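Structure below is entry-v3.txt: compact mmCIF, C-alpha atoms.
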# COMPACT_ATOMS: atom_id res chain seq x y z
CA MET A 209 167.45 57.87 -2.93
CA ALA A 210 170.42 58.24 -5.26
CA ARG A 211 172.65 61.20 -4.52
CA GLU A 212 172.27 63.96 -7.10
CA LYS A 213 175.41 64.43 -9.16
CA GLN A 214 177.17 67.76 -8.93
CA LYS A 215 176.68 69.89 -12.03
CA ILE A 216 179.67 71.07 -14.02
CA GLU A 217 179.94 73.31 -17.09
CA PHE A 218 182.16 73.04 -20.14
CA ARG A 219 183.05 76.52 -21.42
CA TYR A 220 184.48 76.33 -24.88
CA TYR A 221 186.69 78.95 -26.57
CA ASP A 222 187.98 79.33 -30.13
CA ILE A 223 191.54 80.55 -30.62
CA PRO A 224 192.16 81.97 -34.11
CA ARG A 225 194.29 79.87 -36.44
CA GLU A 226 198.03 80.51 -36.32
CA GLU A 227 197.65 82.11 -32.90
CA TYR A 228 198.22 80.60 -29.48
CA VAL A 229 196.61 83.08 -27.09
CA LEU A 230 193.05 84.31 -26.66
CA PRO A 231 193.03 87.27 -24.23
CA LYS A 232 190.01 88.18 -22.13
CA LEU A 233 190.82 91.67 -20.90
CA GLY A 234 189.20 94.89 -19.86
CA LYS A 235 186.42 96.27 -17.69
CA GLY A 236 184.09 93.33 -18.31
CA TRP A 237 186.24 91.12 -16.13
CA GLU A 238 185.94 93.39 -13.10
CA GLN A 239 182.99 91.90 -11.25
CA GLU A 240 181.72 89.86 -8.31
CA TYR A 241 182.57 86.33 -9.41
CA GLY A 242 180.31 83.38 -8.79
CA LEU A 243 177.02 85.27 -8.62
CA GLY A 244 174.22 83.01 -9.82
CA TYR A 245 176.48 79.98 -10.10
CA GLY A 246 176.91 79.01 -6.47
CA ARG A 247 179.89 76.69 -6.24
CA MET A 248 179.36 75.06 -9.62
CA LEU A 249 182.65 74.13 -11.28
CA HIS A 250 183.52 74.52 -14.94
CA PHE A 251 186.38 73.60 -17.26
CA HIS A 252 187.80 74.80 -20.57
CA ASN A 253 189.30 73.34 -23.71
CA TYR A 254 192.50 75.39 -23.30
CA LEU A 255 194.91 76.22 -20.52
CA GLU A 256 193.64 79.22 -18.57
CA ILE A 257 195.81 81.80 -16.84
CA GLY A 258 194.00 84.30 -14.64
CA TYR A 259 195.63 87.33 -13.05
CA CYS A 260 193.95 88.98 -10.05
CA TYR A 261 194.90 92.66 -9.79
CA HIS A 262 192.70 93.17 -6.76
CA GLY A 263 190.08 91.09 -5.04
CA ASP A 264 189.16 88.82 -2.19
CA GLY A 265 187.55 85.41 -2.49
CA GLU A 266 187.84 81.68 -2.91
CA MET A 267 189.37 79.75 -5.77
CA ILE A 268 188.37 76.09 -6.11
CA ILE A 269 190.57 73.91 -8.31
CA GLU A 270 189.33 70.31 -8.49
CA ASN A 271 188.86 69.36 -4.82
CA ARG A 272 191.24 72.00 -3.41
CA SER A 273 190.12 75.35 -2.04
CA TYR A 274 192.37 78.41 -1.89
CA HIS A 275 191.94 81.99 -0.70
CA TYR A 276 192.88 84.47 -3.40
CA GLY A 277 193.77 88.13 -3.08
CA ASP A 278 195.63 90.97 -4.74
CA GLN A 279 198.47 90.20 -7.16
CA MET A 280 197.82 86.47 -7.36
CA PHE A 281 197.42 84.33 -10.45
CA THR A 282 196.09 80.94 -11.47
CA ILE A 283 197.41 78.41 -13.96
CA ILE A 284 194.71 75.89 -14.81
CA PRO A 285 195.25 73.34 -17.60
CA ALA A 286 192.48 72.31 -19.97
CA ASN A 287 189.80 69.98 -18.58
CA ILE A 288 190.60 70.83 -14.93
CA PRO A 289 187.36 71.72 -13.03
CA HIS A 290 187.55 75.01 -11.17
CA THR A 291 185.65 78.14 -10.22
CA THR A 292 186.21 81.62 -8.79
CA ILE A 293 183.96 82.90 -5.99
CA SER A 294 184.25 86.50 -4.82
CA LYS A 295 183.72 87.33 -1.18
CA PRO A 296 180.11 88.65 -1.05
CA GLY A 297 179.97 92.25 -2.18
CA ASN A 298 183.60 92.24 -3.31
CA ILE A 299 184.27 93.46 -6.86
CA CYS A 300 187.36 91.66 -8.12
CA LYS A 301 189.48 92.62 -11.09
CA TRP A 302 190.79 89.64 -13.05
CA GLU A 303 192.09 89.32 -16.59
CA PHE A 304 192.51 86.03 -18.41
CA LEU A 305 194.61 84.38 -21.09
CA PHE A 306 193.45 81.18 -22.79
CA ILE A 307 196.46 79.48 -24.29
CA ASN A 308 196.80 76.61 -26.73
CA MET A 309 199.95 75.54 -24.92
CA ASP A 310 199.93 71.99 -26.26
CA GLU A 311 200.05 73.15 -29.87
CA PHE A 312 202.63 75.82 -29.08
CA ILE A 313 204.98 73.29 -27.48
CA ARG A 314 204.56 70.83 -30.34
CA ASP A 315 205.29 73.59 -32.85
CA ILE A 316 208.55 74.63 -31.18
CA GLY A 317 209.65 70.99 -31.01
CA GLN A 318 211.90 69.28 -28.47
CA SER A 319 213.74 71.61 -26.12
CA GLY A 320 217.03 70.41 -24.75
CA ASP A 321 216.78 67.13 -22.90
CA ILE A 322 212.99 67.15 -22.55
CA SER A 323 210.61 66.07 -25.29
CA SER A 324 207.58 68.07 -26.35
CA GLU A 325 205.22 65.40 -25.03
CA ASP A 326 206.95 65.35 -21.65
CA MET A 327 206.68 69.14 -21.43
CA ILE A 328 202.96 68.93 -22.20
CA ARG A 329 202.43 66.16 -19.66
CA ILE A 330 204.20 68.07 -16.88
CA ILE A 331 202.48 71.39 -17.59
CA ASN A 332 199.04 69.76 -17.66
CA LYS A 333 199.46 67.86 -14.37
CA ARG A 334 197.43 70.13 -12.14
CA GLY A 335 196.06 73.62 -11.61
CA THR A 336 197.52 76.00 -9.07
CA LEU A 337 197.23 79.45 -7.48
CA LYS A 338 200.42 81.46 -6.96
CA THR A 339 201.43 84.86 -5.63
CA ARG A 340 203.42 87.50 -7.44
CA GLU A 341 205.62 87.84 -4.35
CA ASN A 342 206.70 84.19 -4.39
CA HIS A 343 206.86 83.82 -8.18
CA PRO A 344 207.88 87.23 -9.53
CA GLN A 345 209.35 85.96 -12.80
CA MET A 346 206.23 84.04 -13.74
CA ALA A 347 203.98 86.97 -12.80
CA LYS A 348 206.13 89.30 -14.90
CA LEU A 349 205.84 87.03 -17.96
CA ILE A 350 202.06 86.80 -17.60
CA LEU A 351 201.74 90.59 -17.34
CA GLN A 352 204.02 91.05 -20.35
CA ILE A 353 201.84 88.75 -22.45
CA ILE A 354 198.75 90.64 -21.29
CA GLN A 355 200.39 93.94 -22.25
CA GLU A 356 201.35 92.65 -25.71
CA CYS A 357 197.78 91.41 -26.27
CA ARG A 358 196.29 94.71 -25.10
CA GLU A 359 198.56 97.11 -27.00
CA LYS A 360 199.43 94.95 -30.04
CA PRO A 361 202.66 96.74 -30.91
CA LEU A 362 204.70 95.90 -34.01
CA TYR A 363 205.67 92.18 -34.05
CA TYR A 364 203.59 91.47 -30.96
CA LYS A 365 202.77 87.93 -32.11
CA GLU A 366 206.46 87.08 -32.33
CA SER A 367 207.01 88.71 -28.95
CA ILE A 368 204.22 86.63 -27.41
CA LYS A 369 205.87 83.43 -28.67
CA GLY A 370 209.04 84.35 -26.82
CA TYR A 371 207.16 85.06 -23.61
CA LEU A 372 205.17 81.83 -23.98
CA TYR A 373 208.33 79.79 -24.25
CA ALA A 374 209.76 81.42 -21.11
CA LEU A 375 206.43 80.87 -19.34
CA ALA A 376 206.45 77.17 -20.31
CA VAL A 377 209.91 76.85 -18.74
CA GLU A 378 208.66 78.46 -15.52
CA MET A 379 205.77 75.99 -15.45
CA LEU A 380 208.24 73.13 -15.72
CA ARG A 381 210.11 74.59 -12.76
CA LEU A 382 206.89 74.59 -10.76
CA ASP A 383 206.77 70.82 -11.16
CA GLU A 384 210.33 70.61 -9.87
CA GLU A 385 209.29 72.68 -6.84
CA ARG A 386 206.41 70.30 -6.17
CA GLU A 387 208.74 67.32 -6.47
CA GLN A 388 211.20 68.90 -4.05
CA ALA A 389 208.35 69.57 -1.63
CA ARG A 390 207.24 65.95 -1.86
CA ARG A 391 210.78 64.76 -1.22
CA SER A 392 211.08 67.19 1.70
CA ASN A 393 207.82 65.93 3.20
CA ARG A 394 209.00 62.34 2.91
CA VAL A 395 212.30 63.20 4.60
CA ASN A 396 210.55 65.11 7.38
CA ASN A 397 208.22 62.17 7.98
CA TYR A 398 211.24 59.90 8.40
CA ILE A 399 212.80 62.32 10.87
CA LYS A 400 209.54 62.85 12.78
CA ASN A 401 209.19 59.09 13.19
CA ALA A 402 212.72 58.92 14.58
CA ILE A 403 212.14 61.84 16.96
CA HIS A 404 208.93 60.26 18.21
CA TYR A 405 210.75 56.98 18.75
CA VAL A 406 213.46 58.68 20.84
CA ASN A 407 210.91 60.60 22.90
CA GLU A 408 209.08 57.35 23.67
CA HIS A 409 212.13 55.15 24.34
CA TYR A 410 214.85 57.50 25.66
CA ALA A 411 214.92 55.60 28.99
CA GLU A 412 215.75 52.36 27.17
CA GLU A 413 218.80 51.24 25.26
CA ILE A 414 218.45 52.88 21.85
CA LYS A 415 220.32 51.64 18.84
CA ILE A 416 220.58 53.68 15.67
CA SER A 417 219.41 50.61 13.77
CA ASP A 418 216.17 50.72 15.83
CA MET A 419 215.60 54.37 14.91
CA ALA A 420 216.27 53.60 11.26
CA GLY A 421 214.01 50.57 11.26
CA ASN A 422 211.19 52.55 12.86
CA SER A 423 211.52 55.06 10.02
CA GLY A 424 211.59 52.34 7.36
CA LEU A 425 215.13 53.10 6.20
CA SER A 426 218.46 51.35 6.10
CA GLU A 427 220.83 52.46 8.86
CA SER A 428 223.28 54.17 6.47
CA HIS A 429 220.50 56.02 4.62
CA PHE A 430 218.89 57.05 7.90
CA ARG A 431 222.15 58.38 9.34
CA ARG A 432 222.75 60.52 6.26
CA LEU A 433 219.20 61.94 6.18
CA PHE A 434 219.18 62.62 9.91
CA GLU A 435 222.48 64.49 9.88
CA GLU A 436 221.52 66.53 6.81
CA THR A 437 218.14 67.49 8.27
CA MET A 438 218.89 67.91 11.96
CA ASN A 439 222.49 69.17 11.76
CA MET A 440 223.52 66.57 14.34
CA LYS A 441 224.13 62.84 14.52
CA PRO A 442 221.34 60.54 15.78
CA VAL A 443 223.30 59.67 18.92
CA GLU A 444 223.74 63.37 19.67
CA TYR A 445 219.98 63.85 19.53
CA VAL A 446 219.43 60.90 21.86
CA ASN A 447 221.83 62.46 24.37
CA LEU A 448 220.14 65.83 23.97
CA VAL A 449 216.72 64.36 24.81
CA ARG A 450 218.08 62.35 27.74
CA ILE A 451 219.85 65.32 29.31
CA ASP A 452 216.79 67.51 28.76
CA LYS A 453 214.67 64.93 30.59
CA ALA A 454 217.32 64.75 33.34
CA CYS A 455 217.15 68.52 33.84
CA GLY A 456 213.42 68.24 34.45
CA LEU A 457 213.82 65.40 36.93
CA ILE A 458 216.57 67.20 38.86
CA GLN A 459 214.44 70.30 39.30
CA LYS A 460 211.11 68.65 40.03
CA GLU A 461 211.98 65.58 42.08
CA ASP A 462 214.16 64.99 45.12
CA ILE A 463 216.03 61.93 43.85
CA SER A 464 219.68 60.95 43.68
CA MET A 465 221.75 61.73 40.60
CA GLU A 466 222.33 58.02 40.17
CA ASP A 467 218.58 57.44 39.93
CA VAL A 468 218.30 60.29 37.42
CA CYS A 469 221.07 58.70 35.39
CA PHE A 470 219.29 55.35 35.08
CA ARG A 471 215.82 56.83 34.61
CA VAL A 472 216.89 58.74 31.50
CA GLY A 473 218.58 55.75 29.89
CA TYR A 474 222.27 55.91 30.82
CA GLN A 475 224.03 52.76 31.94
CA THR A 476 226.74 54.43 34.04
CA PRO A 477 226.91 57.67 36.08
CA SER A 478 230.20 58.59 34.42
CA THR A 479 228.59 58.61 30.96
CA PHE A 480 225.66 60.61 32.33
CA ASN A 481 227.90 63.20 34.01
CA ARG A 482 230.13 63.57 30.95
CA ASN A 483 227.19 64.19 28.58
CA PHE A 484 225.42 66.46 31.06
CA LYS A 485 228.43 68.77 31.42
CA ARG A 486 229.13 68.75 27.68
CA LEU A 487 225.58 69.90 26.87
CA THR A 488 224.85 72.24 29.78
CA GLY A 489 228.31 73.46 30.70
CA MET A 490 227.88 72.35 34.33
CA THR A 491 227.60 69.21 36.44
CA PRO A 492 224.20 67.81 37.47
CA TYR A 493 224.79 69.10 41.03
CA GLN A 494 225.63 72.58 39.76
CA TRP A 495 222.49 72.53 37.62
CA LYS A 496 220.39 71.53 40.63
CA HIS A 497 221.65 74.39 42.80
CA GLN A 498 221.83 77.17 40.21
CA GLU A 499 219.75 80.24 41.07
CA GLN A 500 218.03 80.62 37.70
CA LYS A 501 216.04 77.53 36.85
CA HIS A 502 215.14 76.30 33.39
CA ASP A 503 212.76 73.59 32.26
CA GLY A 504 215.36 72.00 30.01
CA ILE A 505 217.97 72.61 27.34
CA LEU A 506 216.18 71.80 24.08
CA SER A 507 215.13 75.44 23.72
CA ASN A 508 218.80 76.38 23.40
CA PHE A 509 219.25 74.34 20.24
CA LYS A 510 218.22 75.19 16.70
CA ILE A 511 216.66 71.98 15.39
CA SER A 512 215.57 71.82 11.75
CA ALA A 513 212.71 69.31 12.04
CA GLN A 514 210.42 68.52 14.93
CA PRO A 515 207.13 66.57 15.31
CA GLY A 516 204.40 68.50 13.58
CA TRP A 517 206.79 70.37 11.24
CA GLU A 518 205.46 70.34 7.71
CA GLY A 519 206.91 71.65 4.53
CA LYS A 520 205.21 74.10 2.50
CA GLU A 521 204.52 73.99 -1.53
Since I need it in another form, could you write the structure as structure tokens?
Amino acid sequence: MAREKQKIEFRYYDIPREEYVLPKLGKGWEQEYGLGYGRMLHFHNYLEIGYCYHGDGEMIIENRSYHYGDQMFTIIPANIPHTTISKPGNICKWEFLFINMDEFIRDIGQSGDISSEDMIRIINKRGTLKTRENHPQMAKLILQIIQECREKPLYYKESIKGYLYALAVEMLRLDEEREQARRSNRVNNYIKNAIHYVNEHYAEEIKISDMAGNSGLSESHFRRLFEETMNMKPVEYVNLVRIDKACGLIQKEDISMEDVCFRVGYQTPSTFNRNFKRLTGMTPYQWKHQEQKHDGILSNFKISAQPGWEGKE
């Protein structure tokens, strides 16, 4: 039997001519969202901005699910499927702005180094949910537009145009944040691969070129990324891991220091002893006989990226 296709609604709005914003404000938007609609998605013909003054529930944007709460807001371009679902029994207060952002941007023309069409393309990339705490300037602009629409003071239409332009700039900056996050994730993946390689091969001869190759980078590029991210050189991290492993062996096994030296990857006892004292402040024998025991030394170092570390958007 063919799988039944998921239903989706198209909710169409008309924005008056020579205006760019259609506000949906007031008591009617304080309700339990999603009642009678289940998880059915819908989309609009204009960009939708929703501001949640208070509430608790789930926001679905395309195939992504978010938890929403007080003082959060959504930016959802036209034709992006989404829906708002209140937590059962929870009355949520939202207000909405439907904005003909494409026409507004075309009307103001090219801004600086970016063309109108590029601005439109970036702003319409994807929908998102943000918090007032993390994006205070954007939240302030949204609330100012809502206030102008509600009160309609003298020259409010001109005022709204100014706020819209500033809001468009903030939306462009969101794309830059996403790009930085993507770059950060890529960098962290490179570093995690290198850290995993060292943890697996510390007892062997490790060349920086091997670490770089395992991360898919040239040696020079890898060295630069590693130092910028970890605040240490690759060889320093290798020594750190080896000495940390040596500390564990010294405490847990009754073996000679020479055996420890070779088992953690050093070729000569002198190199082992020199690195051990530099990182711990004592010789291997002093470490073995100290009264207060520790599992290792990695906990004493502030390392910027570790396996499992992931950047946030």
Contacts between stretch 220-244 of chain A and stretch 283-316 of chain A, please, where a residue of stretch 283-316 of chain A counts if it comes within 7 Å (with all atoms listed in the file); show its shortest atom pair and distance in Å to one decimal, rows by chain and ascending number, as CSV.
residue,atom,partner,partner_atom,distance
A:Thr292,CA,A:Tyr241,CA,6.0
A:Ile293,CA,A:Gly242,CA,4.6
A:Ser294,CA,A:Tyr241,CA,4.9
A:Gly297,CA,A:Glu240,CA,6.8
A:Asn298,CA,A:Glu240,CA,5.8
A:Ile299,CA,A:Glu240,CA,4.6
A:Cys300,CA,A:Gln239,CA,5.4
A:Lys301,CA,A:Glu238,CA,4.1
A:Trp302,CA,A:Trp237,CA,5.7
A:Glu303,CA,A:Leu233,CA,5.1
A:Phe304,CA,A:Lys232,CA,5.0
A:Leu305,CA,A:Pro231,CA,4.6
A:Phe306,CA,A:Leu230,CA,5.0
A:Ile307,CA,A:Val229,CA,4.6
A:Asn308,CA,A:Tyr228,CA,5.0
A:Phe312,CA,A:Tyr228,CA,6.5
C-alpha atoms of the current selection, written as a tab-separated table (two decimals), in the coordinates of the input:
chain	number	residue	atom	x	y	z
A	292	THR	CA	186.21	81.62	-8.79
A	293	ILE	CA	183.96	82.90	-5.99
A	294	SER	CA	184.25	86.50	-4.82
A	297	GLY	CA	179.97	92.25	-2.18
A	298	ASN	CA	183.60	92.24	-3.31
A	299	ILE	CA	184.27	93.46	-6.86
A	300	CYS	CA	187.36	91.66	-8.12
A	301	LYS	CA	189.48	92.62	-11.09
A	302	TRP	CA	190.79	89.64	-13.05
A	303	GLU	CA	192.09	89.32	-16.59
A	304	PHE	CA	192.51	86.03	-18.41
A	305	LEU	CA	194.61	84.38	-21.09
A	306	PHE	CA	193.45	81.18	-22.79
A	307	ILE	CA	196.46	79.48	-24.29
A	308	ASN	CA	196.80	76.61	-26.73
A	312	PHE	CA	202.63	75.82	-29.08
For this session: Determine, counting all atoms listed in the file, every residue of protein, DNA or RNA that lies within 7 Å of (182.6, 77.9, -11.1) in the file coordinates, then give the result as a PyMOL selection string.
Result: chain A and resi 242+245+247-250+290-292
For this session: Could you jot down the atom CA of A:His252 to atom CA of A:Met267 separation for me, Å, one decimal place?
Result: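 For atom CA of A:His252 relative to atom CA of A:Met267, the distance reads 15.7 Å.
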Can you tell me, as an mmCIF file with C-alpha atoms, in the frame of the given file, which residues sit within 12 Å of (227.2, 68.2, 29.1) in the file's frame, using all atoms listed in the file?
data_model
loop_
_atom_site.group_PDB
_atom_site.id
_atom_site.type_symbol
_atom_site.label_atom_id
_atom_site.label_comp_id
_atom_site.auth_asym_id
_atom_site.auth_seq_id
_atom_site.Cartn_x
_atom_site.Cartn_y
_atom_site.Cartn_z
ATOM 1 C CA GLU A 444 223.740 63.370 19.670
ATOM 2 C CA ASN A 447 221.830 62.460 24.370
ATOM 3 C CA LEU A 448 220.140 65.830 23.970
ATOM 4 C CA VAL A 449 216.720 64.360 24.810
ATOM 5 C CA ARG A 450 218.080 62.350 27.740
ATOM 6 C CA ILE A 451 219.850 65.320 29.310
ATOM 7 C CA ASP A 452 216.790 67.510 28.760
ATOM 8 C CA ALA A 454 217.320 64.750 33.340
ATOM 9 C CA CYS A 455 217.150 68.520 33.840
ATOM 10 C CA SER A 478 230.200 58.590 34.420
ATOM 11 C CA THR A 479 228.590 58.610 30.960
ATOM 12 C CA PHE A 480 225.660 60.610 32.330
ATOM 13 C CA ASN A 481 227.900 63.200 34.010
ATOM 14 C CA ARG A 482 230.130 63.570 30.950
ATOM 15 C CA ASN A 483 227.190 64.190 28.580
ATOM 16 C CA PHE A 484 225.420 66.460 31.060
ATOM 17 C CA LYS A 485 228.430 68.770 31.420
ATOM 18 C CA ARG A 486 229.130 68.750 27.680
ATOM 19 C CA LEU A 487 225.580 69.900 26.870
ATOM 20 C CA THR A 488 224.850 72.240 29.780
ATOM 21 C CA GLY A 489 228.310 73.460 30.700
ATOM 22 C CA MET A 490 227.880 72.350 34.330
ATOM 23 C CA THR A 491 227.600 69.210 36.440
ATOM 24 C CA PRO A 492 224.200 67.810 37.470
ATOM 25 C CA GLN A 494 225.630 72.580 39.760
ATOM 26 C CA TRP A 495 222.490 72.530 37.620
ATOM 27 C CA ILE A 505 217.970 72.610 27.340
#
For this session: Quick one: pull the distance between atom CA of A:Glu412 and atom CA of A:Gln475, Å, one decimal.
Result: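 Distance reported for this atom pair: 9.6 Å.
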Exercise. Mind pulling up the distance from atom CA of A:Glu413 to atom CA of A:Asn401?
Worked result: 17.3 Å
Starting from 5 Å padding per side, set up an axis-aligned box that covers all listed atoms of stretch 418-427 of chain A and hand over centre and edge lengths in Å, one decimal, as AutoDock Vina command-line options.
--center_x 216.0 --center_y 52.8 --center_z 11.0 --size_x 19.6 --size_y 14.5 --size_z 19.7
Problem set entry | Of the listed residues A:Tyr274, A:Lys295, A:Leu380, A:Ser428, that which approaches A:Asp326 most closely, counting all atoms listed in the file | A:Leu380
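The nearest approach to A:Ile458 among the residues A:Asn407, A:Asn271, A:Gln498, A:Gln345, with only C-alpha atoms taken into account, belongs to A:Gln498.
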For this session: Considering only C-alpha atoms, state which residue in the set A:Ser423, A:Asn287, A:Arg381, A:Ile463 is at the smallest distance from A:Ile216.
Result: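 Closest to A:Ile216, using only C-alpha atoms: A:Asn287.
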Problem set entry | Closest of A:Gly265, A:Gly424, A:Gly335, A:Gly370 to A:Ile313 - atom-to-atom distances counting only C-alpha atoms | A:Gly370
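If you measure from each of A:Met465, A:Met438, A:Ala286, A:Val446 to A:Phe218 using all atoms listed in the file, the closest one turns out to be A:Ala286.
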Problem set entry | For A:Glu466, the nearest of the candidates A:Asn422, A:Tyr493, A:Pro442, A:Thr437, counting only C-alpha atoms |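 Among A:Asn422, A:Tyr493, A:Pro442, A:Thr437, it is A:Tyr493 that comes nearest to A:Glu466.
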Exercise. Can you list, as a PyMOL selection string, every protein, DNA or RNA residue that comes within 9 Å of stretch 339-343 of chain A when you count only C-alpha atoms, leaving out same-chain residues fewer than 3 positions away?
Worked result: chain A and resi 276-282+346-348
